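Visitor: The structure follows.
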Amino acid sequence: MACEDWPVSTELLIWIVVVVAALLAVALVTGVVLSKRRRISLTEPERDKPVKGYQAGAGVTFAKPAEAVRAADPVETDPGPVREAEPEVGPPVEPPVEPETGGKPDVEPVRHPVADRTEVDGQPGVGDDAAVPRDSVKRGFVEVPLPEAASEIEEIEPTAGRLERLRGKLSRSRSTLGQGLLGLLGAGDLDEDSWTDVEDTLLMADLGAAVTDQVVTALRAQIVARGVRSSDDARALLREVLVDALHPEMDRSVHALPHSGKPAVVLVVGVNGVGKTTTTGKLARVLVADGRTVLLGAADTFRAAAAEQLATWGSRVGAETVRGAEGADPASVAFEAVKEGVAAGVDTVLVDTAGRLHTKTGLMDELGKVKRVVEKQAAVDEVLLVLDATTGQNGLTQAWVFAEVVDVTGIVLTKLDGTAKGGIVFQVQRELGVPVKLVGLGEGADHLAPFEPVAFVDALLG
Ligand SMILES: Nc1nc2c(ncn2[C@@H]2O[C@H](COP(=O)(O)OP(=O)(O)OP(=O)(O)O)[C@@H](O)[C@H]2O)c(=O)[nH]1
């Protein structure tokens, strides 16, 4: 193609090419410079990160919010680069981005915490102010095993006044037994039908025939003798009669204090599922709260989880648990626990036993053996029979079997929070002649209360 066909001369064409080339060169240089600037600005917030952390760590300066804002100025007053820097994985950042540094290797020294150190005058510093060599190896994330939560000793609610504090847990018994009786007695002169209703209310609440008879007889006699007229009078009388039926004079202390240079030994017995393990754990808490040292023996070897469960309870209050293999001889575990308790000089050894045997002979053999072997080490001071309050008459039958097998010295009535039949307390004591010493009022770790007749009756009457 001939040049003369073009409207411009060759010379002009050359000039145009030169100018375009020059423009391209300028654009390229500008691009490179801008790109470099962007990369540097990306590191600035990273450099600022320790400043942020420092500010937070020095929480004492928080009282001066104006200073805190000033300290954050490099970040706050330079929003452009900061905003660009935030999405570290965004397109402008070249991979790979190191998670612990968040930047590229060529800017590492700038972001090193040394930038925040105060030893700029060349003086050596200590602690946070100590110099960090710029070429020191940077630390990445290190897996540091945290202390097990279980090794932390929990705070334990004071044991005094627990029954008052947990009285709300007896609301089911209160609304049937307490309110029912108050409604009947407060209505004024009672006819025979009303007395029958009083009787039924007591029986329905599991007080049993003997205690019901005793309570109704006392109420009938006193209502006339005292000339009870108002509902307040009726309430006061009812309170007195019910407290009386609970035999407040019985010794309800748990014999769990060391003597003769040896720990007290407490056996916790009962059929499976009534709450033995839970009660043993709660009791350990009560003792620890009282300043006692406790060792637990997991002699319920029929259920592997029971030993695990008990060990968990123990670790929460810093008590050790001696356990055997699943299916091991419960007596040998109990023996070992007491032996270790004596050697360690603890105040109390609590032994959780198995109640899985349904034949009386088997139960007798096992519990008898546990007691015998334990007594080779130290005397058994307390045998606490755990009964589930929701099982009513069935619980009472179990109680009889255990009472024949071992010398039960105290009763723990569990799950009173889940029943309207709190009257079982009256009946159990009457039938066995053994005091209810503790009551379980919930699944919470501190839902075990010393049984106090007056507080119990007050909770029932509301
Ligand atoms: N609501 C309520 N639940 C309770 C109470 N005491 C124990 N429990 C619950 O009853 C269930 C059985 O308790 P455990 O302590 O395992 O019973 P156990 O008698 O040791 O049972 P085995 O180990 O099988 O013999 C658990 O879910 C406990 O949380 C209580 O006072 N109130």
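Letters for chains follow the order of the structure tokens (A, B, ...), residue numbers begin at 1 for each chain, and ligand numbers begin at 1 in the order shown.
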What are the closest atom pairs, with distances in Å to one decimal, for all residues of chain A lying within 7 Å of ligand 1? Consider only C-alpha atoms and all ligand atoms, order rows by chain and residue number, and present the result as a tab-separated table.

Guide:
```
residue	atom	partner	partner_atom_place_in_ligand_line	distance
A:Gly270	CA	ligand 1	19 (O)	6.5
A:Val271	CA	ligand 1	19 (O)	6.0
A:Asn272	CA	ligand 1	25 (O)	3.1
A:Gly273	CA	ligand 1	21 (O)	3.5
A:Val274	CA	ligand 1	19 (O)	4.1
A:Gly275	CA	ligand 1	17 (O)	3.2
A:Lys276	CA	ligand 1	19 (O)	3.8
A:Thr277	CA	ligand 1	20 (O)	3.7
A:Thr278	CA	ligand 1	15 (O)	3.6
A:Thr279	CA	ligand 1	15 (O)	6.2
A:Asp300	CA	ligand 1	23 (O)	6.7
A:Arg303	CA	ligand 1	23 (O)	6.4
A:Ala306	CA	ligand 1	23 (O)	4.9
A:Ala354	CA	ligand 1	25 (O)	5.6
A:Gly355	CA	ligand 1	25 (O)	5.7
A:Arg356	CA	ligand 1	25 (O)	6.5
A:Thr414	CA	ligand 1	31 (O)	4.1
A:Lys415	CA	ligand 1	32 (N)	3.5
A:Leu416	CA	ligand 1	31 (O)	6.1
A:Asp417	CA	ligand 1	32 (N)	5.8
A:Gly418	CA	ligand 1	1 (N)	5.7
A:Val439	CA	ligand 1	31 (O)	6.9
A:Gly440	CA	ligand 1	31 (O)	3.3
A:Leu441	CA	ligand 1	31 (O)	4.2
A:Gly442	CA	ligand 1	32 (N)	3.4
A:Glu443	CA	ligand 1	3 (N)	4.5
A:His447	CA	ligand 1	31 (O)	6.6
A:Leu448	CA	ligand 1	31 (O)	6.8
```

Visitor: Please give the complete set of residues from range 291-457 of chain A that DSSP, run on the backbone, assigns to alpha helix (DSSP H), formatted as a CSV table (one decimal) with N, CA and C atoms, in the first residue's frame.

Guide:
```
chain,number,residue,atom,x,y,z
A,304,ALA,N,-20.1,-49.0,84.9
A,304,ALA,CA,-18.8,-48.3,84.7
A,304,ALA,C,-19.1,-46.8,84.8
A,305,ALA,N,-20.2,-46.3,84.3
A,305,ALA,CA,-20.4,-44.9,84.3
A,305,ALA,C,-20.6,-44.4,85.7
A,306,ALA,N,-21.0,-45.2,86.6
A,306,ALA,CA,-21.2,-44.8,88.0
A,306,ALA,C,-19.9,-44.3,88.6
A,307,ALA,N,-18.8,-45.0,88.4
A,307,ALA,CA,-17.5,-44.7,88.9
A,307,ALA,C,-17.0,-43.4,88.2
A,308,GLU,N,-17.3,-43.3,87.0
A,308,GLU,CA,-16.9,-42.1,86.2
A,308,GLU,C,-17.7,-40.9,86.8
A,309,GLN,N,-19.0,-41.1,87.0
A,309,GLN,CA,-19.8,-40.0,87.5
A,309,GLN,C,-19.3,-39.6,88.9
A,310,LEU,N,-19.0,-40.5,89.7
A,310,LEU,CA,-18.5,-40.2,91.1
A,310,LEU,C,-17.2,-39.4,91.0
A,311,ALA,N,-16.3,-39.9,90.1
A,311,ALA,CA,-15.0,-39.2,90.0
A,311,ALA,C,-15.2,-37.8,89.5
A,312,THR,N,-16.2,-37.6,88.7
A,312,THR,CA,-16.4,-36.2,88.2
A,312,THR,C,-16.9,-35.3,89.4
A,313,TRP,N,-17.8,-35.9,90.2
A,313,TRP,CA,-18.2,-35.1,91.4
A,313,TRP,C,-17.0,-34.8,92.2
A,314,GLY,N,-16.2,-35.8,92.4
A,314,GLY,CA,-15.0,-35.6,93.3
A,314,GLY,C,-14.1,-34.5,92.8
A,315,SER,N,-13.8,-34.6,91.5
A,315,SER,CA,-12.8,-33.6,90.9
A,315,SER,C,-13.3,-32.2,91.0
A,316,ARG,N,-14.6,-32.1,91.0
A,316,ARG,CA,-15.2,-30.7,91.1
A,316,ARG,C,-15.0,-30.1,92.5
A,317,VAL,N,-14.7,-30.9,93.5
A,317,VAL,CA,-14.4,-30.3,94.8
A,317,VAL,C,-13.0,-30.7,95.3
A,330,PRO,N,-17.0,-55.2,94.7
A,330,PRO,CA,-17.2,-53.9,95.4
A,330,PRO,C,-16.5,-53.8,96.8
A,331,ALA,N,-16.4,-55.0,97.5
A,331,ALA,CA,-15.8,-55.0,98.8
A,331,ALA,C,-14.3,-54.6,98.7
A,332,SER,N,-13.7,-55.1,97.6
A,332,SER,CA,-12.2,-54.8,97.5
A,332,SER,C,-12.0,-53.3,97.2
A,333,VAL,N,-12.9,-52.7,96.4
A,333,VAL,CA,-12.8,-51.3,96.1
A,333,VAL,C,-13.0,-50.5,97.4
A,334,ALA,N,-14.0,-50.9,98.1
A,334,ALA,CA,-14.3,-50.2,99.4
A,334,ALA,C,-13.2,-50.3,100.3
A,335,PHE,N,-12.6,-51.5,100.4
A,335,PHE,CA,-11.4,-51.7,101.3
A,335,PHE,C,-10.3,-50.8,100.9
A,336,GLU,N,-10.0,-50.8,99.6
A,336,GLU,CA,-8.9,-50.0,99.1
A,336,GLU,C,-9.1,-48.5,99.3
A,337,ALA,N,-10.4,-48.1,99.2
A,337,ALA,CA,-10.7,-46.7,99.4
A,337,ALA,C,-10.4,-46.2,100.8
A,338,VAL,N,-10.9,-47.1,101.8
A,338,VAL,CA,-10.7,-46.7,103.2
A,338,VAL,C,-9.2,-46.8,103.5
A,339,LYS,N,-8.5,-47.8,103.0
A,339,LYS,CA,-7.1,-47.9,103.2
A,339,LYS,C,-6.3,-46.6,102.8
A,340,GLU,N,-6.7,-46.2,101.6
A,340,GLU,CA,-6.0,-45.0,101.0
A,340,GLU,C,-6.4,-43.8,101.8
A,341,GLY,N,-7.7,-43.8,102.3
A,341,GLY,CA,-8.2,-42.6,103.1
A,341,GLY,C,-7.4,-42.5,104.4
A,342,VAL,N,-7.1,-43.7,105.0
A,342,VAL,CA,-6.4,-43.7,106.3
A,342,VAL,C,-5.0,-43.2,106.0
A,343,ALA,N,-4.4,-43.8,104.9
A,343,ALA,CA,-3.0,-43.4,104.6
A,343,ALA,C,-2.9,-41.9,104.3
A,344,ALA,N,-3.9,-41.4,103.6
A,344,ALA,CA,-3.8,-40.0,103.2
A,344,ALA,C,-4.2,-39.1,104.4
A,360,LYS,N,-32.6,-60.7,98.3
A,360,LYS,CA,-32.2,-60.3,99.6
A,360,LYS,C,-30.8,-61.0,100.0
A,361,THR,N,-30.7,-62.2,99.6
A,361,THR,CA,-29.5,-63.0,100.0
A,361,THR,C,-28.3,-62.3,99.4
A,362,GLY,N,-28.4,-62.0,98.1
A,362,GLY,CA,-27.3,-61.4,97.3
A,362,GLY,C,-26.9,-60.1,98.0
A,363,LEU,N,-27.9,-59.3,98.3
A,363,LEU,CA,-27.7,-58.0,98.8
A,363,LEU,C,-27.0,-58.1,100.2
A,364,MET,N,-27.5,-59.0,101.0
A,364,MET,CA,-27.0,-59.3,102.3
A,364,MET,C,-25.5,-59.6,102.2
A,365,ASP,N,-25.2,-60.6,101.3
A,365,ASP,CA,-23.8,-61.0,101.1
A,365,ASP,C,-23.0,-59.9,100.7
A,366,GLU,N,-23.4,-59.1,99.8
A,366,GLU,CA,-22.5,-58.1,99.2
A,366,GLU,C,-22.3,-56.9,100.3
A,367,LEU,N,-23.4,-56.4,100.8
A,367,LEU,CA,-23.3,-55.3,101.7
A,367,LEU,C,-22.6,-55.7,103.0
A,368,GLY,N,-22.9,-56.9,103.4
A,368,GLY,CA,-22.3,-57.5,104.6
A,368,GLY,C,-20.8,-57.6,104.4
A,369,LYS,N,-20.4,-58.0,103.3
A,369,LYS,CA,-19.0,-58.2,103.0
A,369,LYS,C,-18.3,-56.8,102.9
A,370,VAL,N,-19.0,-55.9,102.2
A,370,VAL,CA,-18.4,-54.5,102.1
A,370,VAL,C,-18.1,-54.0,103.5
A,371,LYS,N,-19.1,-54.1,104.4
A,371,LYS,CA,-19.0,-53.6,105.7
A,371,LYS,C,-17.8,-54.3,106.5
A,372,ARG,N,-17.8,-55.6,106.4
A,372,ARG,CA,-16.8,-56.4,107.1
A,372,ARG,C,-15.4,-56.0,106.7
A,373,VAL,N,-15.2,-56.0,105.4
A,373,VAL,CA,-13.8,-55.7,104.9
A,373,VAL,C,-13.4,-54.2,105.3
A,374,VAL,N,-14.4,-53.3,105.1
A,374,VAL,CA,-14.0,-51.9,105.5
A,374,VAL,C,-13.6,-51.8,106.9
A,393,GLN,N,-44.7,-46.2,98.3
A,393,GLN,CA,-44.7,-47.5,99.1
A,393,GLN,C,-43.6,-48.4,98.7
A,394,ASN,N,-43.3,-48.4,97.4
A,394,ASN,CA,-42.2,-49.2,96.9
A,394,ASN,C,-40.9,-48.9,97.6
A,395,GLY,N,-40.6,-47.6,97.8
A,395,GLY,CA,-39.4,-47.1,98.5
A,395,GLY,C,-39.4,-47.7,99.9
A,396,LEU,N,-40.6,-47.7,100.5
A,396,LEU,CA,-40.6,-48.2,101.8
A,396,LEU,C,-40.3,-49.6,101.9
A,397,THR,N,-40.8,-50.4,101.0
A,397,THR,CA,-40.4,-51.8,100.9
A,397,THR,C,-38.9,-52.0,100.8
A,398,GLN,N,-38.3,-51.3,99.9
A,398,GLN,CA,-36.8,-51.4,99.8
A,398,GLN,C,-36.2,-51.0,101.1
A,399,ALA,N,-36.7,-50.0,101.8
A,399,ALA,CA,-36.1,-49.6,103.0
A,399,ALA,C,-36.1,-50.7,104.0
A,400,TRP,N,-37.2,-51.5,104.1
A,400,TRP,CA,-37.3,-52.6,105.0
A,400,TRP,C,-36.2,-53.6,104.7
A,401,VAL,N,-36.0,-53.9,103.4
A,401,VAL,CA,-35.0,-54.9,103.0
A,401,VAL,C,-33.6,-54.5,103.5
A,402,PHE,N,-33.3,-53.2,103.2
A,402,PHE,CA,-31.9,-52.7,103.6
A,402,PHE,C,-31.7,-52.7,105.1
A,403,ALA,N,-32.8,-52.3,105.7
A,403,ALA,CA,-32.7,-52.2,107.2
A,403,ALA,C,-32.4,-53.5,107.8
A,404,GLU,N,-32.9,-54.6,107.2
A,404,GLU,CA,-32.6,-55.9,107.7
A,404,GLU,C,-31.2,-56.4,107.4
A,405,VAL,N,-30.7,-55.9,106.3
A,405,VAL,CA,-29.3,-56.3,105.9
A,405,VAL,C,-28.2,-55.5,106.6
A,424,ILE,N,-44.1,-38.7,102.7
A,424,ILE,CA,-43.3,-39.9,102.8
A,424,ILE,C,-42.2,-39.7,103.9
A,425,VAL,N,-41.8,-38.5,104.1
A,425,VAL,CA,-40.8,-38.2,105.1
A,425,VAL,C,-41.3,-38.7,106.5
A,426,PHE,N,-42.6,-38.4,106.8
A,426,PHE,CA,-43.2,-38.8,108.1
A,426,PHE,C,-43.2,-40.3,108.2
A,427,GLN,N,-43.6,-40.9,107.1
A,427,GLN,CA,-43.8,-42.4,107.1
A,427,GLN,C,-42.6,-43.2,107.3
A,428,VAL,N,-41.5,-42.8,106.5
A,428,VAL,CA,-40.3,-43.5,106.5
A,428,VAL,C,-39.7,-43.5,107.9
A,429,GLN,N,-39.7,-42.3,108.5
A,429,GLN,CA,-39.1,-42.2,109.9
A,429,GLN,C,-39.9,-43.1,110.9
A,430,ARG,N,-41.2,-43.0,110.7
A,430,ARG,CA,-42.0,-43.8,111.7
A,430,ARG,C,-41.8,-45.3,111.5
A,431,GLU,N,-41.8,-45.7,110.2
A,431,GLU,CA,-41.7,-47.2,110.0
A,431,GLU,C,-40.3,-47.7,110.4
A,432,LEU,N,-39.2,-47.0,110.0
A,432,LEU,CA,-37.9,-47.5,110.3
A,432,LEU,C,-37.3,-47.1,111.6
A,453,PRO,N,-37.0,-30.4,110.5
A,453,PRO,CA,-38.5,-30.6,110.6
A,453,PRO,C,-39.2,-29.2,110.5
A,454,VAL,N,-38.8,-28.2,111.3
A,454,VAL,CA,-39.5,-27.0,111.3
A,454,VAL,C,-39.5,-26.3,109.9
A,455,ALA,N,-38.3,-26.2,109.3
A,455,ALA,CA,-38.2,-25.6,108.0
A,455,ALA,C,-39.0,-26.4,107.0
A,456,PHE,N,-39.0,-27.7,107.1
A,456,PHE,CA,-39.8,-28.5,106.2
A,456,PHE,C,-41.3,-28.3,106.3
A,457,VAL,N,-41.8,-28.2,107.5
A,457,VAL,CA,-43.2,-28.0,107.7
A,457,VAL,C,-43.6,-26.6,107.2
```

Visitor: Would you mind telling me which residue in A:Lys376, A:Arg235, A:Arg323, A:Arg174 lies nearest to Thr353 in chain A when using only C-alpha atoms?

Guide: A:Arg323

Visitor: From the set A:Ala210, A:Ile223, A:Val288, A:Leu257, which residue has the shortest atom-to-atom contact distance to Ala245 in chain A, counting only C-alpha atoms?

Guide: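 Looking at the shortest contact to Ala245 in chain A, the residue is A:Ala210.
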
Visitor: Do you have the CA of Leu413 in chain A-CA of Ala378 in chain A distance handy?

Guide: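 Between CA of Leu413 in chain A and CA of Ala378 in chain A the gap is 26.7 Å.
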
Visitor: If we count only C-alpha atoms and set the cut-off at 6 Å, which residues sit around range 177-193 of chain A, ignoring sequence neighbours fewer than 5 positions away in its own chain? Please answer as a list of chain:residue names.

Guide: A:Ser231, A:Ala234, A:Leu460, A:Leu461

Visitor: Would you work out the distance separating CA of Ala299 in chain A from CA of Thr280 in chain A, expressed in Å to one decimal?

Guide: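 The value is 11.6 Å.
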
Visitor: Separation of CA of Asp407 in chain A and CA of Gly423 in chain A, in Å?

Guide: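 The value is 23.9 Å.
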
Visitor: Measuring between only C-alpha atoms, which one of A:Val346, A:Leu170, A:Val17, A:Val322 shows the shortest distance to Arg292 in chain A?

Guide: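 So, comparing all the options, the nearest one is A:Val346.
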
Visitor: Identify all residues of range 142-323 of chain A in strand (DSSP E or B) (DSSP on the backbone) and supply them as a count of residues only.

Guide: 18
